[in-house]
Amino acid sequence: MGAESERELSGGSGPLAKLPVHVGRRTVLGILGLAGIGIVAGAKIDSALGSLSSAVSSKIGVPLPGADEFRYYTVTGSYPVIPADTYELTVDGMVREPLRLRLSDLRSMKRTHLVHRFQCVTGWYVPNVPWEGVRLSELLERAGVAPKATALRFFSADGVYTESLTLSQARLADILVADKMLDADLTADHGGPVRLYVAPMYGYKSIKWLDRIEVTNEVVPGYWENGGYPVDAWIGGTEQ
Amino acid sequence: MINTSGRSATARSPTLKANSPGGELARFDLVERLVHWSTAIIMLTLIVTGAILYLPALALRIGHRGLIEDIHVITGLCLLGPLVLGLVGPWRKRLIADLRRFDRWGASDFDWFRGRARRSGLARDKFNGGQKIEAAFLGAAMAAALVTGVIMRFAPSSWITWATGATLVHDTLFFAITVAVLAHVAFALSRPDQLVSMFNGRISRSWARVHAGAWLSEVETLEADASEAEAFKTGMDGSPSSSP
């Protein structure tokens with residue numbers, strides 16, 4: 001290669017040639033190093049940041065990094081806003097007695113309250129969320145599941161989102177048909193009047209705007225599961 | 001020495017071929033402009049779809065999370081594509097030369113940060129300190145956003161601790177990249193000479209004299225050497241237009 005072109009390619013012959021401080025490379029390596037630390041230690045940093053970041057976030061309405069704030073997911077162009085007094089939950093399929101339950105019916109059944117984190121599979125979470133509702137197992141008990149049934153399908157009032165559980169998963173004690181969250185009636189943006197809350201699994205199992213539960217004999221993968229997410233969505237990969 | 005290197009300098013240096021004697025200098029070649037604009041389109045798509053996925057007001061108003069997420073993920077996987085394509089072939093020379101300039105800092109680059117009034121007036125490189133730090137920052141931030149995004153979307157669900165860390169980094173990068181890109185666009189819009197040079201590749205000598213004196217001297221030295229070599233070669237074999 002010629003002397004001239006070599007000189008051009010090496011970044012010049014001016015003051016730079018005499019002062020080759022690799023600031024660019026150091027900047028790049030520094031940022032990549034910080035990102036690496038963030039990936040490996042981020043869960044700890046996240047929980048340390050939690051309360052401070054949340055305090056600011058709730059003021060400005062934007063979830064800052066590390067804040068214990070919900071992200072709002074809807075897979076349709078809007079989301080259903082269902083008045084509490086017209087809401088109805090259907091439980092049908094392989095049952096002895098199909099149910100149609102209004103919100104007042106759910107509130108007159110045995111109530112369960114639990115405080116547990118909401119964990120999204122993409123990484124964000126909100127710790128210590130108060131949930132309240134009726135255990136899914138109570139509803140199944142009341143409807144009377146046919147002996148050959150093995151699974152449940154859940155349908156959202158948005159008309160698109162679906163979810164699934166096996167019957168044995170559905171009978172776990174920490175799965176609620178929830179109508180209260182954060183010590184208040186479930187709001188429409190969180191999936192109100194009624195959503196599922198599956199404590200031991202990733203958030204995508206906790207279907208919002210729940211309006212129908214069908215008892216079946218096969219697990220039909222839900223909305224995100226068709227996109228490759230695990231059907232058995234245990235937090236951490238295996239049942240705790 | 002001159003009879004071999006003189007020829008290759010003229011042939012291999014796109015700067016020299018593209019410069020016009022009195023007026024304009026070649027600042028960016030076609031490869032650099034293609035890399036810049038395709039990366040810009042990808043970044044714009046990522047920032048818009050990222051905002052829809054991240055900001056609650058937009059997430060609820062626009063919804064369609066499955067579709068928006070697919071666009072964001074597919075576009076994101078392409079983020080470094082233009083740069084990589086620009087670097088894998090023989091067309092990469094100018095791009096590499098400019099990346100080296102981003103890396104190497106001299107006194108005039110540090111001087112740039114002192115603010116217009118307090119600068120000591122050192123002749124500057126082709127890019128100033130601000131442009132160099134912006135390039136280094138965005139390059140690294142893009143790579144980090146790509147890696148954390150892949151972890152968030154494709155890591156096995158048992159890697160949840162890393163996914164939480166990746167989310168923290170990715171969310172931080174959303175703000176940092178948005179600010180850096182807005183600053184970049186604001187600087188570009190207030191400096192039309194440089195903005196136009198990202199379209200047509202050229203910039204005036206008078207601009208370079210004021211803003212990139214060290215680069216202009218370099219280019220003029222190369223031009224002088226090349227014309228000397230040309231004259232020598234013409235004297236030797238009488239075929240000034242021959243090229244390899």
# chains A, B, ... in the order shown; residues from 1 in each chain; ligands from 1
>>> select_by_dssp(residues="range 2-242 of chain B", states="strand (DSSP E)", output="list in words")
Glu24, Leu25, Ala26, Arg104, Trp105, Arg202, Ile203 and Ser204 of chain B
>>> residues_around(residues="Thr49 in chain B", least_positions_apart="5", cutoff="10 Å", atoms="only C-alpha atoms", output="ChimeraX atom specification")
/B:43-44,54,58-59,65,67-73,75
>>> closest_atom_pairs(of="chain B", to="chain A", cutoff="6 Å", atoms="only C-alpha atoms", output="tab-separated table")
residue	atom	partner	partner_atom	distance
B:Ser5	CA	A:Gly2	CA	4.3
B:Ser8	CA	A:Gly2	CA	5.9
B:Ala9	CA	A:Ser5	CA	5.5
B:Pro56	CA	A:Tyr72	CA	5.7
B:Ile62	CA	A:Gly77	CA	5.7
B:Gly63	CA	A:Gly77	CA	4.7
B:His64	CA	A:Val75	CA	4.2
B:Arg65	CA	A:Val75	CA	4.5
B:Gly66	CA	A:Val75	CA	5.8
B:Ala97	CA	A:Leu9	CA	4.6
B:Arg100	CA	A:Gly11	CA	5.9
B:Arg101	CA	A:Gly11	CA	5.2
B:Phe102	CA	A:Gly24	CA	5.6
B:Asp103	CA	A:Gly24	CA	3.7
B:Arg104	CA	A:His22	CA	4.8
B:Trp105	CA	A:Val21	CA	5.1
B:Gly106	CA	A:Leu16	CA	4.8
B:Ala136	CA	A:Gly24	CA	5.3
B:Ala140	CA	A:Val28	CA	4.9
B:Met152	CA	A:Thr122	CA	4.8
B:Ser157	CA	A:Gly237	CA	5.5
B:Ser158	CA	A:Gly236	CA	4.2
B:Thr161	CA	A:Ala43	CA	5.7
B:Trp162	CA	A:Ile39	CA	5.5
B:Ala163	CA	A:Gly123	CA	4.5
B:Thr164	CA	A:Gly123	CA	3.8
B:Gly165	CA	A:Gly42	CA	3.5
B:Ala166	CA	A:Ile39	CA	4.7
B:Thr167	CA	A:Gly123	CA	5.7
B:Leu168	CA	A:Pro65	CA	5.3
B:Val169	CA	A:Gly38	CA	5.8
B:Asp171	CA	A:Pro65	CA	5.4
B:Thr172	CA	A:Pro65	CA	5.7
B:Ala214	CA	A:Gly14	CA	6.0
>>> residues_around(residues="Ile177 in chain B", least_positions_apart="4", cutoff="8 Å", atoms="only C-alpha atoms", output="count of residues only")
4
>>> residues_around(residues="Asp179 in chain A", least_positions_apart="5", cutoff="7 Å", atoms="only C-alpha atoms", output="list in words")
Glu132, Gly133, Asp185, Leu186, Gly192, Pro193, Val194 and Arg195 of chain A
>>> write_last_selection(atoms="C-alpha atoms", output="short mmCIF file (atom, residue, chain, number, x, y, z; two decimals), in the first residue's frame")
data_model
loop_
_atom_site.label_atom_id
_atom_site.label_comp_id
_atom_site.auth_asym_id
_atom_site.auth_seq_id
_atom_site.Cartn_x
_atom_site.Cartn_y
_atom_site.Cartn_z
CA GLU A 132 -57.73 -10.59 45.78
CA GLY A 133 -60.37 -12.82 44.26
CA ASP A 185 -61.18 -2.82 42.20
CA LEU A 186 -59.26 -4.07 39.18
CA GLY A 192 -60.64 -5.41 34.95
CA PRO A 193 -63.29 -6.14 36.01
CA VAL A 194 -61.78 -9.65 36.24
CA ARG A 195 -58.46 -11.18 35.25
#
>>> select_by_dssp(residues="range 30-222 of chain B", states="alpha helix (DSSP H)", output="PyMOL selection string")
chain B and resi 30-54+56-62+65-77+81-87+93-103+107-112+129-154+160-189+192-200+205-211+213-222
>>> residues_around(residues="Val185 in chain B", least_positions_apart="2", cutoff="12 Å", atoms="only C-alpha atoms", output="ChimeraX atom specification")
/B:40,44,131,134,178-183,187-192,194-195
>>> write_last_selection(atoms="C-alpha atoms", output="compact mmCIF listing (two decimals), in the first residue's frame")
# COMPACT_ATOMS: atom_id res chain seq x y z
CA ALA B 40 -31.00 5.99 10.63
CA LEU B 44 -36.12 5.68 13.92
CA GLN B 131 -19.03 14.11 16.87
CA GLU B 134 -21.48 10.76 19.79
CA THR B 178 -33.26 8.84 22.32
CA VAL B 179 -31.42 11.82 23.84
CA ALA B 180 -28.29 11.13 21.76
CA VAL B 181 -30.28 10.82 18.53
CA LEU B 182 -32.28 13.99 19.24
CA ALA B 183 -29.02 15.85 19.92
CA PHE B 187 -26.91 19.53 15.55
CA ALA B 188 -27.44 18.36 11.97
CA LEU B 189 -30.39 20.69 11.37
CA SER B 190 -28.44 23.67 12.69
CA ARG B 191 -25.42 22.87 10.51
CA PRO B 192 -26.74 22.64 6.94
CA GLN B 194 -22.67 19.05 7.24
CA LEU B 195 -26.25 17.82 6.82
